[in-house]
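The data block below is my_file.txt; it holds compact mmCIF, C-alpha atoms.
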```txt
# COMPACT_ATOMS: atom_id res chain seq x y z
CA MET A 1 104.56 28.65 101.32
CA GLN A 2 107.62 28.97 103.53
CA LYS A 3 107.55 28.51 107.29
CA PRO A 4 105.92 31.42 109.18
CA GLU A 5 109.09 32.04 111.24
CA LYS A 6 111.07 32.53 108.06
CA THR A 7 108.48 34.92 106.61
CA LEU A 8 108.47 36.91 109.85
CA ALA A 9 112.26 36.95 110.05
CA GLU A 10 112.44 38.36 106.53
CA HIS A 11 109.98 41.15 107.27
CA PRO A 12 111.77 44.44 108.14
CA PHE A 13 109.56 44.93 111.20
CA PHE A 14 111.03 41.89 112.94
CA GLU A 15 114.57 42.32 111.67
CA GLY A 16 117.08 41.03 114.21
CA LEU A 17 114.50 39.46 116.52
CA ALA A 18 115.70 36.41 118.50
CA SER A 19 114.60 33.11 116.98
CA ASP A 20 112.73 31.90 120.10
CA LEU A 21 110.65 35.10 120.07
CA LEU A 22 110.04 34.73 116.34
CA LYS A 23 108.78 31.22 117.01
CA THR A 24 106.40 32.49 119.69
CA ILE A 25 105.10 35.22 117.40
CA ALA A 26 104.79 32.83 114.47
CA SER A 27 102.51 30.62 116.55
CA CYS A 28 100.03 33.52 116.60
CA SER A 29 100.14 34.20 112.85
CA VAL A 30 97.93 33.39 109.90
CA GLU A 31 97.98 34.45 106.25
CA ALA A 32 95.58 37.21 105.29
CA ASN A 33 94.60 38.40 101.83
CA TYR A 34 92.48 41.37 100.82
CA LYS A 35 90.94 42.38 97.54
CA ALA A 36 91.38 45.85 96.11
CA GLY A 37 88.86 48.14 97.79
CA GLN A 38 88.21 45.80 100.70
CA ILE A 39 87.86 47.40 104.14
CA ILE A 40 90.34 45.81 106.53
CA TYR A 41 88.92 47.49 109.61
CA ASN A 42 86.94 50.55 110.63
CA GLU A 43 87.53 53.15 113.31
CA GLY A 44 86.04 51.96 116.59
CA ASP A 45 86.38 48.24 115.81
CA THR A 46 87.96 46.06 118.45
CA ALA A 47 91.70 45.91 117.81
CA ASN A 48 92.93 42.38 118.38
CA GLN A 49 95.17 41.98 115.38
CA PHE A 50 97.95 43.63 113.44
CA LEU A 51 99.23 42.98 109.94
CA LEU A 52 102.67 42.70 108.45
CA ILE A 53 102.21 43.73 104.84
CA LEU A 54 103.99 41.44 102.41
CA ASP A 55 102.65 42.86 99.17
CA GLY A 56 100.05 45.38 98.04
CA LYS A 57 98.96 48.78 99.27
CA VAL A 58 96.75 49.90 102.15
CA ALA A 59 95.26 53.32 102.85
CA ILE A 60 94.85 54.52 106.41
CA GLU A 61 91.85 56.81 106.42
CA ILE A 62 89.97 59.10 108.73
CA PHE A 63 86.34 59.90 108.16
CA SER A 64 84.97 63.39 108.32
CA ALA A 65 81.24 63.98 107.94
CA GLN A 66 81.84 67.08 105.82
CA ARG A 67 84.72 65.78 103.70
CA GLY A 68 84.19 62.03 103.56
CA SER A 69 87.10 59.62 103.83
CA LEU A 70 90.52 61.29 103.87
CA THR A 71 93.64 59.22 103.35
CA ILE A 72 96.31 60.23 105.83
CA LYS A 73 98.88 57.60 104.90
CA THR A 74 99.43 54.73 102.56
CA ILE A 75 101.59 51.75 103.42
CA GLY A 76 102.89 48.78 101.49
CA SER A 77 105.33 45.92 101.42
CA GLY A 78 107.55 45.88 104.51
CA ASP A 79 105.23 48.03 106.60
CA VAL A 80 103.11 47.16 109.61
CA LEU A 81 99.44 48.01 109.95
CA GLY A 82 97.77 48.61 113.31
CA TRP A 83 99.10 49.38 116.73
CA SER A 84 95.85 49.90 118.64
CA TRP A 85 95.88 46.22 119.67
CA LEU A 86 98.77 47.03 122.02
CA PHE A 87 97.21 49.93 123.91
CA ALA A 88 93.96 49.98 125.91
CA PRO A 89 91.08 50.35 125.12
CA TYR A 90 92.11 48.22 122.09
CA ARG A 91 89.93 50.07 119.60
CA ARG A 92 90.85 51.07 116.05
CA ARG A 93 91.55 54.77 115.65
CA PHE A 94 91.35 54.89 111.85
CA ASP A 95 89.86 53.02 108.92
CA ALA A 96 92.10 50.79 106.80
CA ARG A 97 91.31 49.87 103.23
CA ALA A 98 93.24 47.78 100.70
CA LEU A 99 93.92 49.92 97.63
CA LYS A 100 95.34 46.98 95.69
CA LYS A 101 95.23 43.25 96.15
CA THR A 102 97.15 42.88 99.41
CA SER A 103 98.75 39.93 101.12
CA ALA A 104 99.84 40.03 104.73
CA ILE A 105 100.62 38.05 107.83
CA ALA A 106 97.95 38.67 110.47
CA LEU A 107 99.05 38.35 114.09
CA ASP A 108 96.71 37.70 116.96
CA GLY A 109 97.26 40.68 119.20
CA LYS A 110 95.10 39.40 122.05
CA VAL A 111 97.19 36.25 122.43
CA LEU A 112 100.40 38.22 121.96
CA ARG A 113 99.39 40.63 124.73
CA GLU A 114 99.02 37.68 127.10
CA LYS A 115 102.33 36.20 125.99
CA ALA A 116 104.02 39.59 126.38
CA GLU A 117 102.69 39.87 129.96
CA ALA A 118 104.18 36.47 130.71
CA ASP A 119 107.48 37.13 128.92
CA HIS A 120 108.64 40.73 129.31
CA ARG A 121 111.48 40.17 126.87
CA LEU A 122 108.85 39.61 124.18
CA GLY A 123 106.84 42.55 125.53
CA TYR A 124 109.85 44.86 125.39
CA GLU A 125 110.69 43.86 121.81
CA LEU A 126 107.11 44.44 120.70
CA LEU A 127 106.85 47.78 122.49
CA LYS A 128 110.21 48.93 121.14
CA ARG A 129 109.23 48.16 117.56
CA PHE A 130 105.70 49.53 117.78
CA SER A 131 106.91 52.67 119.59
CA SER A 132 109.10 53.33 116.59
CA VAL A 133 106.06 53.04 114.29
CA VAL A 134 104.11 55.44 116.52
CA VAL A 135 107.02 57.93 116.67
CA ASP A 136 107.41 57.86 112.89
CA ARG A 137 103.69 58.44 112.50
CA LEU A 138 103.79 61.30 115.01
CA ASN A 139 106.70 62.97 113.18
CA ALA A 140 104.94 62.60 109.85
CA THR A 141 101.73 63.99 111.30
CA SER A 142 103.61 67.03 112.63
CA LEU A 143 104.97 67.74 109.14
CA GLN A 144 101.56 67.22 107.56
CA LEU A 145 100.01 69.60 110.10
CA LEU A 146 102.67 72.21 109.31
CA ASP A 147 101.38 72.25 105.73
CA ILE A 148 104.96 72.75 104.54
CA TYR A 149 104.01 73.30 100.90
CA GLY A 150 101.35 75.85 101.79
CA LYS A 151 101.60 79.61 101.57
CA HIS A 152 102.70 79.99 105.19
CA ALA A 153 105.58 77.51 105.08
CA MET B 154 136.76 97.58 70.92
CA LYS B 155 135.29 96.89 74.31
CA ALA B 156 132.67 94.17 74.33
CA ALA B 157 129.20 95.29 75.35
CA THR B 158 128.41 94.15 78.87
CA LYS B 159 125.00 93.00 79.87
CA ASP B 160 123.22 95.42 82.17
CA VAL B 161 121.89 93.19 84.95
CA THR B 162 119.68 95.98 86.24
CA MET B 163 117.75 96.32 82.98
CA ALA B 164 114.64 94.19 82.47
CA ILE B 165 114.25 93.02 78.87
CA PRO B 166 110.67 92.81 77.61
CA HIS B 167 109.45 89.31 76.80
CA LEU B 168 106.22 88.21 75.23
CA VAL B 169 104.03 85.58 76.86
CA GLN B 170 103.89 82.89 74.17
CA GLN B 171 101.94 80.43 76.26
CA PHE B 172 100.20 80.46 79.63
CA THR B 173 99.49 77.01 81.08
CA LYS B 174 97.46 76.65 84.23
CA GLU B 175 99.04 73.78 86.17
CA THR B 176 96.81 73.84 89.26
CA HIS B 177 94.41 76.24 90.96
CA ASP B 178 97.33 78.45 92.06
CA THR B 179 100.25 77.45 89.84
CA PHE B 180 100.96 78.27 86.22
CA THR B 181 103.73 78.01 83.66
CA LEU B 182 104.72 80.92 81.44
CA GLU B 183 106.55 80.33 78.19
CA LEU B 184 108.26 83.54 77.17
CA VAL B 185 110.07 84.75 74.08
CA PRO B 186 112.33 87.82 73.93
CA SER B 187 111.22 91.01 72.21
CA ALA B 188 112.56 91.63 68.72
CA GLY B 189 116.25 92.49 68.63
CA ASN B 190 117.12 90.78 71.86
CA ALA B 191 119.42 87.81 71.75
CA GLN B 192 118.19 84.32 72.44
CA PHE B 193 118.38 83.21 75.99
CA SER B 194 120.48 80.41 77.43
CA PHE B 195 120.67 79.14 80.99
CA LYS B 196 121.80 76.22 83.10
CA ALA B 197 119.56 74.05 85.23
CA GLY B 198 119.02 75.64 88.63
CA GLN B 199 119.40 79.29 87.62
CA PHE B 200 116.68 81.88 88.10
CA ASN B 201 115.41 85.07 86.51
CA MET B 202 113.93 88.18 88.04
CA LEU B 203 110.48 88.53 86.48
CA TYR B 204 109.14 92.05 86.37
CA LEU B 205 105.42 92.57 86.05
CA TYR B 206 105.22 96.11 84.76
CA GLY B 207 103.79 98.51 87.31
CA VAL B 208 103.45 95.84 89.98
CA GLY B 209 106.84 94.49 91.01
CA GLU B 210 109.63 92.02 90.53
CA VAL B 211 110.11 88.47 91.83
CA PRO B 212 112.85 85.83 91.55
CA ILE B 213 111.56 82.73 89.78
CA SER B 214 113.53 79.61 88.85
CA ILE B 215 113.72 78.64 85.22
CA SER B 216 111.77 75.44 84.71
CA GLY B 217 112.24 74.68 81.01
CA ASP B 218 114.63 72.65 78.93
CA PRO B 219 118.18 74.10 78.99
CA ASP B 220 118.72 72.84 75.43
CA ASP B 221 115.69 74.71 74.08
CA GLU B 222 116.83 78.27 73.44
CA SER B 223 113.64 79.23 71.62
CA LYS B 224 111.69 80.01 74.78
CA ILE B 225 112.05 80.50 78.53
CA ALA B 226 109.75 78.63 80.88
CA HIS B 227 108.88 79.69 84.40
CA THR B 228 106.51 77.85 86.68
CA VAL B 229 105.05 80.18 89.27
CA ARG B 230 102.99 79.50 92.36
CA SER B 231 100.77 82.38 93.32
CA TYR B 232 102.05 83.27 96.79
CA GLY B 233 102.24 87.06 97.02
CA ALA B 234 101.11 90.33 95.46
CA VAL B 235 103.23 90.04 92.30
CA THR B 236 102.75 86.34 91.59
CA SER B 237 98.99 86.64 92.22
CA ARG B 238 98.79 89.38 89.59
CA MET B 239 100.92 87.29 87.23
CA MET B 240 98.18 84.72 87.28
CA ALA B 241 96.10 87.11 85.23
CA LEU B 242 98.70 87.21 82.42
CA LYS B 243 97.60 85.89 79.07
CA LYS B 244 99.11 85.11 75.70
CA GLU B 245 100.80 88.13 74.09
CA ASP B 246 101.11 90.10 77.32
CA TRP B 247 104.51 91.55 78.15
CA ILE B 248 106.75 90.81 81.10
CA GLY B 249 110.27 91.98 81.91
CA ILE B 250 113.14 89.60 82.57
CA ARG B 251 116.53 90.11 84.16
CA GLY B 252 118.86 87.18 84.28
CA PRO B 253 119.77 84.41 84.32
CA PHE B 254 121.21 84.69 87.83
CA GLY B 255 122.92 82.38 90.25
CA ASN B 256 124.84 79.17 89.90
CA HIS B 257 123.43 75.85 88.77
CA TRP B 258 123.08 72.18 89.62
CA PRO B 259 126.43 70.56 88.74
CA ILE B 260 124.79 67.87 86.63
CA GLU B 261 127.31 68.12 83.78
CA LYS B 262 130.12 67.06 86.13
CA LEU B 263 128.31 64.02 87.49
CA SER B 264 128.69 61.65 84.61
CA GLY B 265 128.65 58.06 85.85
CA HIS B 266 126.74 58.81 89.03
CA ASP B 267 123.28 57.83 90.17
CA ILE B 268 121.11 60.90 90.65
CA LEU B 269 118.41 61.33 93.26
CA LEU B 270 116.18 64.37 92.82
CA GLY B 271 114.09 65.34 95.85
CA ALA B 272 111.37 67.89 95.27
CA GLY B 273 108.80 69.39 97.59
CA GLY B 274 105.93 71.52 96.32
CA ILE B 275 106.96 74.14 93.76
CA GLY B 276 110.55 72.91 94.31
CA VAL B 277 109.93 70.47 91.48
CA ALA B 278 110.15 73.40 89.02
CA PRO B 279 113.91 74.15 89.43
CA LEU B 280 114.61 70.42 89.18
CA ARG B 281 112.71 69.90 85.93
CA PRO B 282 115.59 71.34 83.82
CA VAL B 283 117.87 68.73 85.42
CA LEU B 284 115.55 65.99 84.26
CA TYR B 285 115.45 67.48 80.76
CA TYR B 286 119.23 67.58 80.73
CA ILE B 287 119.57 64.01 82.00
CA LEU B 288 117.08 62.73 79.43
CA SER B 289 119.06 64.43 76.66
CA HIS B 290 122.26 62.77 77.92
CA ARG B 291 120.76 59.66 79.47
CA GLU B 292 123.69 57.38 78.69
CA LYS B 293 125.98 59.44 80.94
CA TYR B 294 124.12 58.62 84.16
CA GLY B 295 123.31 55.55 86.21
CA LYS B 296 120.07 55.19 88.04
CA VAL B 297 117.94 58.35 88.14
CA ALA B 298 115.10 58.76 90.60
CA LEU B 299 112.76 61.64 91.41
CA ILE B 300 110.84 61.81 94.66
CA TYR B 301 108.18 64.49 94.72
CA GLY B 302 105.92 65.50 97.59
CA GLU B 303 102.91 67.80 97.44
CA ARG B 304 100.01 68.83 99.65
CA THR B 305 97.19 67.10 97.78
CA PRO B 306 96.68 65.42 94.39
CA GLY B 307 95.15 68.68 93.13
CA ASP B 308 98.40 70.53 93.84
CA LEU B 309 100.63 68.26 91.73
CA ILE B 310 102.26 70.16 88.89
CA TYR B 311 103.51 68.77 85.55
CA ARG B 312 101.12 65.92 86.17
CA ARG B 313 100.83 64.72 82.57
CA GLN B 314 104.56 65.02 81.99
CA ILE B 315 105.34 63.14 85.19
CA GLU B 316 102.91 60.38 84.21
CA LYS B 317 104.65 60.14 80.86
CA TRP B 318 108.12 60.08 82.40
CA ARG B 319 106.94 57.47 84.88
CA GLY B 320 106.31 55.14 81.96
CA ARG B 321 109.99 55.18 80.98
CA PHE B 322 112.18 52.25 81.94
CA ASP B 323 115.18 54.46 82.64
CA LEU B 324 113.56 56.77 85.22
CA GLU B 325 112.14 56.06 88.65
CA ILE B 326 109.50 58.52 89.72
CA TYR B 327 107.77 58.41 93.09
CA VAL B 328 105.07 60.85 94.06
CA THR B 329 103.34 61.31 97.38
CA VAL B 330 100.86 63.77 98.83
CA ASP B 331 100.30 64.84 102.41
CA SER B 332 96.59 64.02 102.29
CA ALA B 333 94.07 62.82 99.76
CA ARG B 334 90.38 62.24 99.39
CA GLU B 335 88.89 58.92 98.40
CA GLY B 336 89.72 57.98 94.85
CA TRP B 337 93.45 58.82 94.88
CA ARG B 338 95.35 55.62 94.18
CA GLY B 339 98.82 57.03 94.71
CA ASP B 340 100.91 57.29 97.86
CA VAL B 341 99.97 59.41 100.86
CA GLY B 342 102.59 60.39 103.41
CA VAL B 343 105.47 62.80 103.81
CA VAL B 344 108.08 62.89 101.05
CA THR B 345 110.72 61.20 103.20
CA THR B 346 108.66 57.99 103.17
CA LEU B 347 109.59 57.62 99.49
CA ILE B 348 113.32 57.40 100.12
CA PRO B 349 113.45 53.67 101.00
CA LYS B 350 111.64 52.90 97.74
CA THR B 351 114.48 54.37 95.69
CA ARG B 352 116.97 51.84 97.13
CA ILE B 353 119.84 54.21 96.49
CA ASP B 354 123.46 53.18 96.50
CA PRO B 355 125.01 55.82 98.80
CA LEU B 356 128.45 55.44 97.26
CA LYS B 357 127.21 56.18 93.76
CA THR B 358 124.39 58.63 94.45
CA VAL B 359 124.39 62.40 94.34
CA ALA B 360 121.23 64.08 95.60
CA PHE B 361 119.72 67.38 94.44
CA LEU B 362 117.06 68.71 96.80
CA CYS B 363 114.68 71.59 96.32
CA GLY B 364 111.70 72.57 98.40
CA PRO B 365 110.84 74.20 101.71
CA GLU B 366 113.84 74.11 104.04
CA ILE B 367 111.98 71.96 106.55
CA MET B 368 111.36 69.41 103.82
CA MET B 369 115.03 69.44 102.79
CA TYR B 370 116.09 69.17 106.44
CA TYR B 371 114.13 65.95 106.98
CA THR B 372 115.08 64.59 103.57
CA ILE B 373 118.77 65.12 104.34
CA GLN B 374 118.30 63.28 107.64
CA GLU B 375 116.74 60.33 105.86
CA ILE B 376 119.23 60.07 103.00
CA SER B 377 122.07 60.45 105.51
CA LYS B 378 120.67 57.40 107.31
CA GLU B 379 120.98 55.57 103.98
CA GLY B 380 124.65 56.54 103.92
CA VAL B 381 124.71 59.53 101.54
CA THR B 382 127.35 61.94 102.82
CA ASP B 383 127.09 65.75 103.00
CA ASP B 384 129.53 66.16 100.11
CA ARG B 385 127.09 64.33 97.83
CA ILE B 386 124.04 66.45 98.64
CA TYR B 387 123.19 69.69 96.85
CA ILE B 388 120.35 71.94 97.99
CA SER B 389 118.69 74.95 96.42
CA MET B 390 118.09 77.64 99.00
CA GLU B 391 115.40 80.23 98.72
CA ARG B 392 115.73 83.70 100.16
CA ASN B 393 114.28 87.13 99.53
CA MET B 394 116.28 87.91 96.40
CA LYS B 395 116.02 91.45 95.05
CA CYS B 396 118.97 92.62 92.96
CA GLY B 397 120.06 89.17 91.77
CA SER B 398 123.71 90.19 91.74
CA GLY B 399 124.91 90.20 95.33
CA PHE B 400 124.68 93.97 95.82
CA CYS B 401 121.66 94.59 97.99
CA GLY B 402 122.11 91.94 100.69
CA HIS B 403 118.45 90.98 100.94
CA CYS B 404 119.25 87.31 100.41
CA GLN B 405 122.33 87.18 102.62
CA VAL B 406 122.76 84.09 104.79
CA GLY B 407 125.86 84.55 106.93
CA PRO B 408 128.72 85.14 104.49
CA LYS B 409 126.75 83.91 101.48
CA PHE B 410 124.51 85.75 99.07
CA VAL B 411 121.97 83.23 97.86
CA CYS B 412 121.46 85.06 94.55
CA LYS B 413 125.17 85.13 93.73
CA HIS B 414 126.84 82.20 95.51
CA GLY B 415 123.71 80.09 95.18
CA PRO B 416 120.90 79.28 94.94
CA VAL B 417 122.52 75.82 94.65
CA PHE B 418 124.88 74.91 97.46
CA LEU B 419 126.80 71.81 98.36
CA PHE B 420 125.25 70.88 101.68
CA LYS B 421 128.69 70.30 103.25
CA ASP B 422 129.52 73.98 102.61
CA VAL B 423 126.36 75.43 104.13
CA LYS B 424 125.52 72.89 106.79
CA HIS B 425 126.51 75.37 109.49
CA LEU B 426 124.13 77.96 108.01
CA PHE B 427 121.28 75.67 107.18
CA TRP B 428 118.36 75.46 109.53
CA LYS B 429 119.99 78.00 111.78
CA ARG B 430 117.79 80.38 113.72
CA GLU B 431 118.29 84.16 113.71
CA MET B 432 120.22 84.05 110.45
```
Take the structure in the file and give it back as C-alpha cells.
Amino acid sequence: MQKPEKTLAEHPFFEGLASDLLKTIASCSVEANYKAGQIIYNEGDTANQFLLILDGKVAIEIFSAQRGSLTIKTIGSGDVLGWSWLFAPYRRRFDARALKKTSAIALDGKVLREKAEADHRLGYELLKRFSSVVVDRLNATSLQLLDIYGKHA
Amino acid sequence: MKAATKDVTMAIPHLVQQFTKETHDTFTLELVPSAGNAQFSFKAGQFNMLYLYGVGEVPISISGDPDDESKIAHTVRSYGAVTSRMMALKKEDWIGIRGPFGNHWPIEKLSGHDILLGAGGIGVAPLRPVLYYILSHREKYGKVALIYGERTPGDLIYRRQIEKWRGRFDLEIYVTVDSAREGWRGDVGVVTTLIPKTRIDPLKTVAFLCGPEIMMYYTIQEISKEGVTDDRIYISMERNMKCGSGFCGHCQVGPKFVCKHGPVFLFKDVKHLFWKREM
C-alpha cells in the first residue's frame, strides 16, 4: 500500500492541493472497504466522516415509505461520498449503499473540522472542493426534477 | 423522356410487418412498402412523416439499419394524439409514409475519427442507424462510445440490443437513468455524468447528440470542457415539422427550416439559434 498522502494526491478530489495540507488530511485518513450490498450509512446518522472512492460503486438513496429505497445517484472511482460532515447539524441526509465491492479512503471529518477552524487555508480548500460537489449535485437535481425525458420536456 | 419525380406530398401505404413494444409507452414499427412501390433507402439521421389514416401525421426518425432495404424501422414514443393511437397498431395494419426527409449524420465522412454518440430518451432512436453503420464499417473508425440517459430503467429502449452491443470489445456503451428503485445495478445520475467515463480525445472525437434540447445544452457544455470544439459537434434538432420539405414554415428556427436544412446541424452553425428564447 502506498503512502496515504500519495493516494490522496492522486485522487481527483484533492488534485492540486498543497503538500502540507495533503499531509494534514492524510493524518486523518484510514482505508475503508465495503462488501457489495453493505450499507455505508443511513439518513439521520451522525456525519463525522467522508469517503474518497478508489474503486467500486456506491448508490446514494432516499427512502420513501410508499416507494421504498430510490437511488438518486451512483458514484464510483474518483468521486467523493458525503458532505454532511462539513455542515451543522452533521447528520446524514441520504442513505449510502455499496453496490459492488468498494474500496475507499475514509477521512475523519470531526478532526478535520477542528483542523480547518485552526487553519483557514485548509478550511477554504475543503469548502471550495465540497461546494463544487454540492453545486454539481444541485444542478443534477434540477435536471432530474425537470424530468427532461418526460412528456412535458 | 422526363424522369418521374417523387411526389413528397403523397403518403405511400406501408404494411406493419412487426410491432415491438419497447417499453410501456414506446414501440418499434417495422414497415414494408405496398406492392409496386420501390424499396426504400435512407441515411442515418433522416426522418419520415408517418400518416395514421384518419388520425394525422407525425415526423418520426428512422431507427433501423441503413443497409437493410427490406424494411423501414421507426421507434415511436407515445406523446400525443397520433402517436398514442399508433400504439394500437398491429401486424398487417396499414400506415402511410412520406419521406425520407432531411439531411443526415455525416458519418461516412468521418473515417479515422473517434465517435461519441450522446442520446437522451427517445433521442437514442435516430442514433441507432449510426451505430448500425459504424458496426458495418467498424475498421474505418477509432474509438466509438455511446452515452445514453433515460428517466428510469423501465424507460430504456433497445435494452437487449444495447446489452448485446455492450459485450463487444470495440464499442463503449454507458447508460444512466435519472432515478431507480432498489435492484437496479446500473448508473443513476444525469447523462452528463457519463462523459468523464468515455475519456475522449478532443482532437480526434466528433460528437453526435440527440435528445431534448436541455440535455444537449448541458452535454455540449460538458464535452466543451473536455476540449471538443463546436465544429466537431453535431446535434439533431426537433421542431414541429409538418410538410417535411421546407414549404410550410412550421419548423422554422431563424433562417433555418429544421425539416429541410436539418434535422442534423453542425453546432457551430446553429449555436446562435440554439437555446435561444422567443425563436
Counting only C-alpha atoms, the residue among B:Asp340, B:Asp323, B:Asp354, B:Glu379 that lies closest to chain A is B:Asp340
Between B:Val423, B:Leu168, B:Leu184, B:Ile373, which one has atoms that come closest to Lys409 in chain B, using all atoms listed in the file?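 Checking each candidate against Lys409 in chain B, we get B:Val423 as the closest.
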In Å, with one decimal, what is the gap from CA of Ala197 in chain B to CA of Lys378 in chain B? 27.7 Å
For Gly380 in chain B, work out the shell of residues within 8 Å, counting all atoms listed in the file and skipping chain neighbours fewer than 3 positions away, then give it as a ChimeraX atom specification. /B:355-356,376-377
Fewer than 5 positions away in the same chain doesn't count, so skip those; otherwise give me all residues within 12 Å of Arg338 in chain B, counting only C-alpha atoms, as a PyMOL selection string. (chain A and resi 36-37+56-59+71+73-75+97-100) or (chain B and resi 306+328-330+332-333)
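Taking only C-alpha atoms into account, Leu362 in chain B lies nearest to B:Val417 out of the set B:Val417, B:Val381, B:Cys396, B:Val411.
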Restricting to only C-alpha atoms, whichever of A:Lys151, A:Arg67, A:Lys110, A:Lys101 is closest to Leu86 in chain A is A:Lys110
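Comparing the minimum interatomic distances between Ala164 in chain B and each of B:Ser187, B:Thr382, B:Ser194, B:Thr228, counting all atoms listed in the file, we find that B:Ser187 sits nearest.
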Between A:Lys128, A:Ala32, A:Ile72, A:Leu54, which is the closest to chain B once you count only C-alpha atoms?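 Once distances to chain B are computed over only C-alpha atoms, the minimum belongs to A:Ile72.
Straight-line separation from CA of Pro416 in chain B to CA of Ser389 in chain B: 5.1 Å.
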Near chain A, 8 Å: chain B residue rows, closest pairs, all atoms listed in the file, as a tab-separated table:
```
residue	atom	partner	partner_atom	distance
B:Tyr232	CA	A:Lys151	CA	6.0
B:Gly273	CA	A:Tyr149	CA	7.0
B:Gly274	CA	A:Tyr149	CA	5.3
B:Ile275	CA	A:Tyr149	CA	7.8
B:Glu303	CA	A:Tyr149	CA	6.6
B:Arg304	CA	A:Tyr149	CA	6.1
B:Asp331	CA	A:Gln144	CA	5.8
B:Ser332	CA	A:Ile72	CA	5.2
B:Ala333	CA	A:Thr71	CA	5.1
B:Arg334	CA	A:Leu70	CA	4.6
B:Glu335	CA	A:Ser69	CA	5.8
B:Arg338	CA	A:Leu99	CA	6.8
B:Asp340	CA	A:Thr74	CA	5.6
B:Val341	CA	A:Lys73	CA	4.6
B:Gly342	CA	A:Lys73	CA	4.9
B:Val343	CA	A:Ala140	CA	6.1
B:Pro365	CA	A:Ile148	CA	6.7
B:Ile367	CA	A:Ile148	CA	7.3
B:Met368	CA	A:Ile148	CA	7.3
```
To test the calculation: enclose all listed atoms of range 382-389 of chain B in a box whose edges run along x, y and z, add 6 Å on each side, then state centre and edge lengths in Å to one decimal, as lines of an AutoDock Vina configuration file.
```
center_x = 124.1
center_y = 68.4
center_z = 99.7
size_x = 22.8
size_y = 25.0
size_z = 18.6
```
I'd like the neighbourhood of Asn393 in chain B as a ChimeraX atom specification, where a residue qualifies if any of its atoms comes within 8 Å (using all atoms listed in the file), though same-chain residues fewer than 2 positions away should be ignored. /B:391,395,403-404
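Taking CA of Arg313 in chain B as the reference point, CA of Ser289 in chain B is found at 19.2 Å.
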Compile the contact shell of range 236-249 of chain B as a ChimeraX atom specification: residues with an atom at most 6 Å away, counting all atoms listed in the file, same-chain residues fewer than 4 positions apart removed. /B:164-171,203-205,231
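Shown here are all protein and nucleic acid residues lying within 10 Å of (107.1, 34.2, 107.0), with all atoms listed in the file considered: Met1, Gln2, Lys3, Pro4, Glu5, Lys6, Thr7, Leu8, Ala9, Glu10, His11, Leu22, Ala26, Ser29, Val30, Glu31, Leu52, Leu54, Ala104 and Ile105 of chain A.
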Which neighbours of Arg113 in chain A fall inside 10 Å, counting only C-alpha atoms, when residues of the same chain fewer than 3 positions from it are skipped, and could you give them as a ChimeraX atom specification? /A:48,85-87,108-110,116-119,122-123,126
Export C-alpha atoms of the chosen residues as a short mmCIF file (atom, residue, chain, number, x, y, z; two decimals), keeping the file's coordinate frame?
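The resulting file, again.cif, is shown below:
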```cif
data_model
loop_
_atom_site.label_atom_id
_atom_site.label_comp_id
_atom_site.auth_asym_id
_atom_site.auth_seq_id
_atom_site.Cartn_x
_atom_site.Cartn_y
_atom_site.Cartn_z
CA ASN A 48 92.93 42.38 118.38
CA TRP A 85 95.88 46.22 119.67
CA LEU A 86 98.77 47.03 122.02
CA PHE A 87 97.21 49.93 123.91
CA ASP A 108 96.71 37.70 116.96
CA GLY A 109 97.26 40.68 119.20
CA LYS A 110 95.10 39.40 122.05
CA ALA A 116 104.02 39.59 126.38
CA GLU A 117 102.69 39.87 129.96
CA ALA A 118 104.18 36.47 130.71
CA ASP A 119 107.48 37.13 128.92
CA LEU A 122 108.85 39.61 124.18
CA GLY A 123 106.84 42.55 125.53
CA LEU A 126 107.11 44.44 120.70
#
```
For a cut-off of 8 Å around (114.9, 54.8, 89.4), file coordinates, pick out all residues using only C-alpha atoms and list them as an MDAnalysis selection string. chainID B and resid 296:299 323:326 351
